[in-house]
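Visitor: The structure under discussion is supplied below as structure tokens; questions concerning it will follow.
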Amino acid sequence: MSKLLTDLIEALRCLPGVGGKSAQRMAFHLLERDRERGQRLAQVLEQAMREIGNCSRCRNFSETPVCNLCSSSSRDRQVLCVVESPTELAAIEQATGYRGQYFVLLGRLSPLDGLGPEELGLDRLAERLGEGEIEEMIIATNPTVEGEATAHYLAQLARAANVRPTRLAHGVPLGGELEYVDRGTLAHAFGSRQSLD
Ligand SMILES: [Zn+2]
């Protein structure tokens, strides 16, 4: 097999769930039948990797310094929902009628992996809480051990800023990742969230 073809197959394996066989099938498919869209894929991929950064306010993916959600005038500025990742933000947007703001941790507290308050941008979060607009902080970290520890830390941060912390209600299975919970369950857990104080 040519060097370039081997490189292509190896590169495709970076995608989640794609092993050697699937990567080879993808590479052959593009070369045999779909070169035009393969070119398009390469262009968009290159541009997206270069231009998509993180919003300076909520840390969600954004190609502008402040994302659409943060700059929208139709979003409620009194409620802030904290999630671990952009995937969970998307799940909440799709499953619930939530119209407030977000903050994305891009991880969860995990000292063993070197993830502390600084890496999760909690200084920036504290700043936002300190602006005085936010009244409720919905803590939507995953119900895993690390997610719960993070939730505990976040609740303290909220209380220190006189913001009411709430947590998603039961219905999200213990150890379950929000991303994999069905829409109805997530919408229910979101709607019947409970105060943490
Ligand atoms: Zn934003």
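By convention in this document, the chains of the structure tokens carry letters A, B, ... by their order, each chain's residues are numbered from 1, and ligands are numbered from 1 in the order they are shown.
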Give me, as CSV, the closest atom pair and its distance (Å, one decimal) for every residue of chain A within a cut-off of 6 Å of ligand 1, counting only C-alpha atoms and all ligand atoms, rows sorted by chain and rising number.
Guide:
residue,atom,partner,partner_atom_place_in_ligand_line,distance
A:Cys55,CA,ligand 1,1 (Zn),4.6
A:Arg57,CA,ligand 1,1 (Zn),4.9
A:Cys58,CA,ligand 1,1 (Zn),4.0
A:Arg59,CA,ligand 1,1 (Zn),5.9
A:Asn60,CA,ligand 1,1 (Zn),5.6
A:Val66,CA,ligand 1,1 (Zn),5.3
A:Cys67,CA,ligand 1,1 (Zn),4.2
A:Leu69,CA,ligand 1,1 (Zn),5.6
A:Cys70,CA,ligand 1,1 (Zn),4.3
Visitor: Near Glu131 in chain A, within 10 Å and counting only C-alpha atoms, which residues show up once chain neighbours fewer than 4 positions away are dropped, as a ChimeraX atom specification?
Guide: /A:126-127,161
Visitor: Return the single residue from A:Glu84, A:Val163, A:Glu51, A:Leu4 that is closest to Pro143 in chain A, with distances computed using only C-alpha atoms.
Guide: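 When distances to Pro143 in chain A are compared using only C-alpha atoms, the smallest one comes from A:Glu84.
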Visitor: Near Gln101 in chain A, within 9 Å and counting only C-alpha atoms, which residues show up once chain neighbours fewer than 2 positions away are dropped, as a PDB file with N, CA, C and O atoms, in the first residue's frame?
Guide:
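File written: out38.pdb
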ATOM      1  N   CYS A  58     -18.527  31.743  27.572  1.00  0.00           N
ATOM      2  CA  CYS A  58     -19.071  30.458  28.042  1.00  0.00           C
ATOM      3  C   CYS A  58     -18.184  29.259  27.720  1.00  0.00           C
ATOM      4  O   CYS A  58     -18.456  28.157  28.151  1.00  0.00           O
ATOM      5  N   LEU A  69     -25.008  32.184  21.301  1.00  0.00           N
ATOM      6  CA  LEU A  69     -25.854  32.033  22.485  1.00  0.00           C
ATOM      7  C   LEU A  69     -25.595  33.165  23.480  1.00  0.00           C
ATOM      8  O   LEU A  69     -26.519  33.732  24.045  1.00  0.00           O
ATOM      9  N   CYS A  70     -24.323  33.487  23.684  1.00  0.00           N
ATOM     10  CA  CYS A  70     -23.972  34.519  24.663  1.00  0.00           C
ATOM     11  C   CYS A  70     -24.382  35.916  24.180  1.00  0.00           C
ATOM     12  O   CYS A  70     -24.689  36.774  24.994  1.00  0.00           O
ATOM     13  N   ARG A  75     -32.010  35.473  25.111  1.00  0.00           N
ATOM     14  CA  ARG A  75     -31.746  34.473  26.153  1.00  0.00           C
ATOM     15  C   ARG A  75     -31.835  35.134  27.529  1.00  0.00           C
ATOM     16  O   ARG A  75     -31.370  36.246  27.728  1.00  0.00           O
ATOM     17  N   ASP A  76     -32.404  34.363  28.464  1.00  0.00           N
ATOM     18  CA  ASP A  76     -32.575  34.816  29.840  1.00  0.00           C
ATOM     19  C   ASP A  76     -31.204  34.946  30.531  1.00  0.00           C
ATOM     20  O   ASP A  76     -30.443  33.989  30.584  1.00  0.00           O
ATOM     21  N   ARG A  77     -30.896  36.125  31.035  1.00  0.00           N
ATOM     22  CA  ARG A  77     -29.582  36.348  31.651  1.00  0.00           C
ATOM     23  C   ARG A  77     -29.548  36.069  33.154  1.00  0.00           C
ATOM     24  O   ARG A  77     -28.522  36.243  33.800  1.00  0.00           O
ATOM     25  N   GLN A  78     -30.688  35.639  33.698  1.00  0.00           N
ATOM     26  CA  GLN A  78     -30.728  35.367  35.134  1.00  0.00           C
ATOM     27  C   GLN A  78     -30.402  33.906  35.466  1.00  0.00           C
ATOM     28  O   GLN A  78     -30.200  33.566  36.622  1.00  0.00           O
ATOM     29  N   VAL A  79     -30.406  33.056  34.451  1.00  0.00           N
ATOM     30  CA  VAL A  79     -30.157  31.637  34.689  1.00  0.00           C
ATOM     31  C   VAL A  79     -28.927  31.178  33.903  1.00  0.00           C
ATOM     32  O   VAL A  79     -28.779  31.490  32.732  1.00  0.00           O
ATOM     33  N   LEU A  80     -28.052  30.447  34.603  1.00  0.00           N
ATOM     34  CA  LEU A  80     -26.833  29.957  33.967  1.00  0.00           C
ATOM     35  C   LEU A  80     -26.757  28.451  34.179  1.00  0.00           C
ATOM     36  O   LEU A  80     -26.879  27.975  35.308  1.00  0.00           O
ATOM     37  N   CYS A  81     -26.592  27.705  33.114  1.00  0.00           N
ATOM     38  CA  CYS A  81     -26.503  26.248  33.218  1.00  0.00           C
ATOM     39  C   CYS A  81     -25.054  25.823  32.972  1.00  0.00           C
ATOM     40  O   CYS A  81     -24.466  26.163  31.959  1.00  0.00           O
ATOM     41  N   VAL A  82     -24.496  25.080  33.925  1.00  0.00           N
ATOM     42  CA  VAL A  82     -23.101  24.648  33.796  1.00  0.00           C
ATOM     43  C   VAL A  82     -23.049  23.190  33.344  1.00  0.00           C
ATOM     44  O   VAL A  82     -23.649  22.315  33.981  1.00  0.00           O
ATOM     45  N   TYR A  98     -35.005  25.136  27.523  1.00  0.00           N
ATOM     46  CA  TYR A  98     -34.162  26.056  28.280  1.00  0.00           C
ATOM     47  C   TYR A  98     -33.776  27.274  27.441  1.00  0.00           C
ATOM     48  O   TYR A  98     -33.333  27.137  26.299  1.00  0.00           O
ATOM     49  N   ARG A  99     -33.942  28.475  28.014  1.00  0.00           N
ATOM     50  CA  ARG A  99     -33.645  29.701  27.277  1.00  0.00           C
ATOM     51  C   ARG A  99     -32.633  30.587  28.007  1.00  0.00           C
ATOM     52  O   ARG A  99     -32.566  31.785  27.775  1.00  0.00           O
ATOM     53  N   PHE A 103     -22.412  27.775  30.760  1.00  0.00           N
ATOM     54  CA  PHE A 103     -20.968  27.815  30.961  1.00  0.00           C
ATOM     55  C   PHE A 103     -20.466  26.384  30.762  1.00  0.00           C
ATOM     56  O   PHE A 103     -20.994  25.442  31.344  1.00  0.00           O
TER      57      PHE A 103
END
Visitor: Quick one: residues within 7 Å of Arg164 in chain A, only C-alpha atoms, excluding same-chain residues fewer than 3 positions away - as a PyMOL selection string?
Guide: chain A and resi 135-137+158-159
Visitor: In Å, how far is it from CA of Arg193 in chain A to CA of Thr141 in chain A?
Guide: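 Separation between CA of Arg193 in chain A and CA of Thr141 in chain A: 12.6 Å.
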Visitor: Check range 58-194 of chain A with DSSP on the backbone and list each residue it calls strand (DSSP E or B), as a list in words.
Guide: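 Selecting the strand (DSSP E or B) positions of range 58-194 of chain A gives Phe61, Ser62, Val79, Leu80, Cys81, Val82, Val83, Gln101, Tyr102, Phe103, Val104, Ser110, Leu115, Glu136, Met137, Ile138, Ile139, Arg164, Pro165, Thr166, Arg167 and Gln194 of chain A.
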Visitor: For the selection just defined, write its residues with N, CA, C and O atoms to a file, as a PDB file, in the first residue's frame.
Guide:
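In the end it all went to result14.pdb:
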ATOM      1  N   PHE A  61     -17.855  25.936  21.830  1.00  0.00           N
ATOM      2  CA  PHE A  61     -17.228  26.131  20.523  1.00  0.00           C
ATOM      3  C   PHE A  61     -17.766  27.397  19.874  1.00  0.00           C
ATOM      4  O   PHE A  61     -18.970  27.658  19.912  1.00  0.00           O
ATOM      5  N   SER A  62     -16.896  28.170  19.266  1.00  0.00           N
ATOM      6  CA  SER A  62     -17.335  29.370  18.564  1.00  0.00           C
ATOM      7  C   SER A  62     -16.250  29.835  17.617  1.00  0.00           C
ATOM      8  O   SER A  62     -15.064  29.709  17.900  1.00  0.00           O
ATOM      9  N   VAL A  79     -30.406  33.056  34.451  1.00  0.00           N
ATOM     10  CA  VAL A  79     -30.157  31.637  34.689  1.00  0.00           C
ATOM     11  C   VAL A  79     -28.927  31.178  33.903  1.00  0.00           C
ATOM     12  O   VAL A  79     -28.779  31.490  32.732  1.00  0.00           O
ATOM     13  N   LEU A  80     -28.052  30.447  34.603  1.00  0.00           N
ATOM     14  CA  LEU A  80     -26.833  29.957  33.967  1.00  0.00           C
ATOM     15  C   LEU A  80     -26.757  28.451  34.179  1.00  0.00           C
ATOM     16  O   LEU A  80     -26.879  27.975  35.308  1.00  0.00           O
ATOM     17  N   CYS A  81     -26.592  27.705  33.114  1.00  0.00           N
ATOM     18  CA  CYS A  81     -26.503  26.248  33.218  1.00  0.00           C
ATOM     19  C   CYS A  81     -25.054  25.823  32.972  1.00  0.00           C
ATOM     20  O   CYS A  81     -24.466  26.163  31.959  1.00  0.00           O
ATOM     21  N   VAL A  82     -24.496  25.080  33.925  1.00  0.00           N
ATOM     22  CA  VAL A  82     -23.101  24.648  33.796  1.00  0.00           C
ATOM     23  C   VAL A  82     -23.049  23.190  33.344  1.00  0.00           C
ATOM     24  O   VAL A  82     -23.649  22.315  33.981  1.00  0.00           O
ATOM     25  N   VAL A  83     -22.370  22.936  32.228  1.00  0.00           N
ATOM     26  CA  VAL A  83     -22.243  21.574  31.698  1.00  0.00           C
ATOM     27  C   VAL A  83     -20.764  21.216  31.554  1.00  0.00           C
ATOM     28  O   VAL A  83     -19.901  22.093  31.563  1.00  0.00           O
ATOM     29  N   GLN A 101     -28.527  31.030  29.870  1.00  0.00           N
ATOM     30  CA  GLN A 101     -27.148  31.050  29.397  1.00  0.00           C
ATOM     31  C   GLN A 101     -26.431  29.750  29.828  1.00  0.00           C
ATOM     32  O   GLN A 101     -26.965  28.977  30.601  1.00  0.00           O
ATOM     33  N   TYR A 102     -25.215  29.602  29.327  1.00  0.00           N
ATOM     34  CA  TYR A 102     -24.440  28.397  29.658  1.00  0.00           C
ATOM     35  C   TYR A 102     -23.027  28.753  30.101  1.00  0.00           C
ATOM     36  O   TYR A 102     -22.511  29.833  29.815  1.00  0.00           O
ATOM     37  N   PHE A 103     -22.412  27.775  30.760  1.00  0.00           N
ATOM     38  CA  PHE A 103     -20.968  27.815  30.961  1.00  0.00           C
ATOM     39  C   PHE A 103     -20.466  26.384  30.762  1.00  0.00           C
ATOM     40  O   PHE A 103     -20.994  25.442  31.344  1.00  0.00           O
ATOM     41  N   VAL A 104     -19.455  26.220  29.906  1.00  0.00           N
ATOM     42  CA  VAL A 104     -18.942  24.886  29.590  1.00  0.00           C
ATOM     43  C   VAL A 104     -17.591  24.681  30.278  1.00  0.00           C
ATOM     44  O   VAL A 104     -16.638  25.431  30.059  1.00  0.00           O
ATOM     45  N   SER A 110     -10.801  16.610  38.272  1.00  0.00           N
ATOM     46  CA  SER A 110     -10.163  15.303  38.285  1.00  0.00           C
ATOM     47  C   SER A 110      -8.675  15.487  38.560  1.00  0.00           C
ATOM     48  O   SER A 110      -7.859  15.537  37.642  1.00  0.00           O
ATOM     49  N   LEU A 115      -6.770  18.017  36.224  1.00  0.00           N
ATOM     50  CA  LEU A 115      -7.856  18.958  35.965  1.00  0.00           C
ATOM     51  C   LEU A 115      -8.339  19.568  37.279  1.00  0.00           C
ATOM     52  O   LEU A 115      -9.039  18.928  38.060  1.00  0.00           O
ATOM     53  N   GLU A 136     -29.920  32.078  39.334  1.00  0.00           N
ATOM     54  CA  GLU A 136     -29.906  30.620  39.525  1.00  0.00           C
ATOM     55  C   GLU A 136     -28.808  30.002  38.671  1.00  0.00           C
ATOM     56  O   GLU A 136     -28.632  30.371  37.517  1.00  0.00           O
ATOM     57  N   MET A 137     -28.058  29.074  39.281  1.00  0.00           N
ATOM     58  CA  MET A 137     -27.063  28.332  38.514  1.00  0.00           C
ATOM     59  C   MET A 137     -27.473  26.862  38.498  1.00  0.00           C
ATOM     60  O   MET A 137     -27.482  26.200  39.540  1.00  0.00           O
ATOM     61  N   ILE A 138     -27.839  26.371  37.318  1.00  0.00           N
ATOM     62  CA  ILE A 138     -28.237  24.973  37.168  1.00  0.00           C
ATOM     63  C   ILE A 138     -26.981  24.139  36.942  1.00  0.00           C
ATOM     64  O   ILE A 138     -26.261  24.345  35.973  1.00  0.00           O
ATOM     65  N   ILE A 139     -26.724  23.223  37.865  1.00  0.00           N
ATOM     66  CA  ILE A 139     -25.526  22.397  37.743  1.00  0.00           C
ATOM     67  C   ILE A 139     -25.893  21.107  37.018  1.00  0.00           C
ATOM     68  O   ILE A 139     -26.587  20.257  37.560  1.00  0.00           O
ATOM     69  N   ARG A 164     -28.367  31.051  43.608  1.00  0.00           N
ATOM     70  CA  ARG A 164     -29.010  29.815  44.049  1.00  0.00           C
ATOM     71  C   ARG A 164     -28.582  28.651  43.159  1.00  0.00           C
ATOM     72  O   ARG A 164     -28.843  28.645  41.961  1.00  0.00           O
ATOM     73  N   PRO A 165     -27.898  27.635  43.749  1.00  0.00           N
ATOM     74  CA  PRO A 165     -27.509  26.477  42.936  1.00  0.00           C
ATOM     75  C   PRO A 165     -28.635  25.447  42.861  1.00  0.00           C
ATOM     76  O   PRO A 165     -29.258  25.135  43.862  1.00  0.00           O
ATOM     77  N   THR A 166     -28.909  24.916  41.674  1.00  0.00           N
ATOM     78  CA  THR A 166     -29.873  23.820  41.535  1.00  0.00           C
ATOM     79  C   THR A 166     -29.199  22.681  40.781  1.00  0.00           C
ATOM     80  O   THR A 166     -28.193  22.869  40.102  1.00  0.00           O
ATOM     81  N   ARG A 167     -29.772  21.482  40.947  1.00  0.00           N
ATOM     82  CA  ARG A 167     -29.173  20.284  40.346  1.00  0.00           C
ATOM     83  C   ARG A 167     -30.262  19.544  39.604  1.00  0.00           C
ATOM     84  O   ARG A 167     -31.403  19.506  40.058  1.00  0.00           O
ATOM     85  N   GLN A 194     -33.761  20.487  41.356  1.00  0.00           N
ATOM     86  CA  GLN A 194     -33.966  20.769  42.770  1.00  0.00           C
ATOM     87  C   GLN A 194     -32.927  21.722  43.316  1.00  0.00           C
ATOM     88  O   GLN A 194     -31.779  21.724  42.903  1.00  0.00           O
TER      89      GLN A 194
END
Visitor: Work out how far CA of Ile52 in chain A is from CA of Arg40 in chain A, in Å to one decimal.
Guide: 17.3 Å
Visitor: Which is closer to Asn142 in chain A than all the others in A:Gly130, A:Gly107, A:Gly121, A:Gly191, using only C-alpha atoms?
Guide: A:Gly107
Visitor: Any chance you could list, as a PyMOL selection string, the residues in range 3-194 of chain A that come up helix (DSSP H, G or I) when DSSP is run on the backbone?
Guide: chain A and resi 3-12+20-33+35-51+68-71+86-95+111-113+122-130+145-160+178-180+183-191
Visitor: Do you have the CA of Pro86 in chain A-CA of Val145 in chain A distance handy?
Guide: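 These two atoms are separated by 20.0 Å.
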Visitor: Could you list, as a ChimeraX atom specification, every residue within 7 Å of Glu146 in chain A, counting only C-alpha atoms and ignoring same-chain residues fewer than 3 positions away?
Guide: /A:108-110,149-150
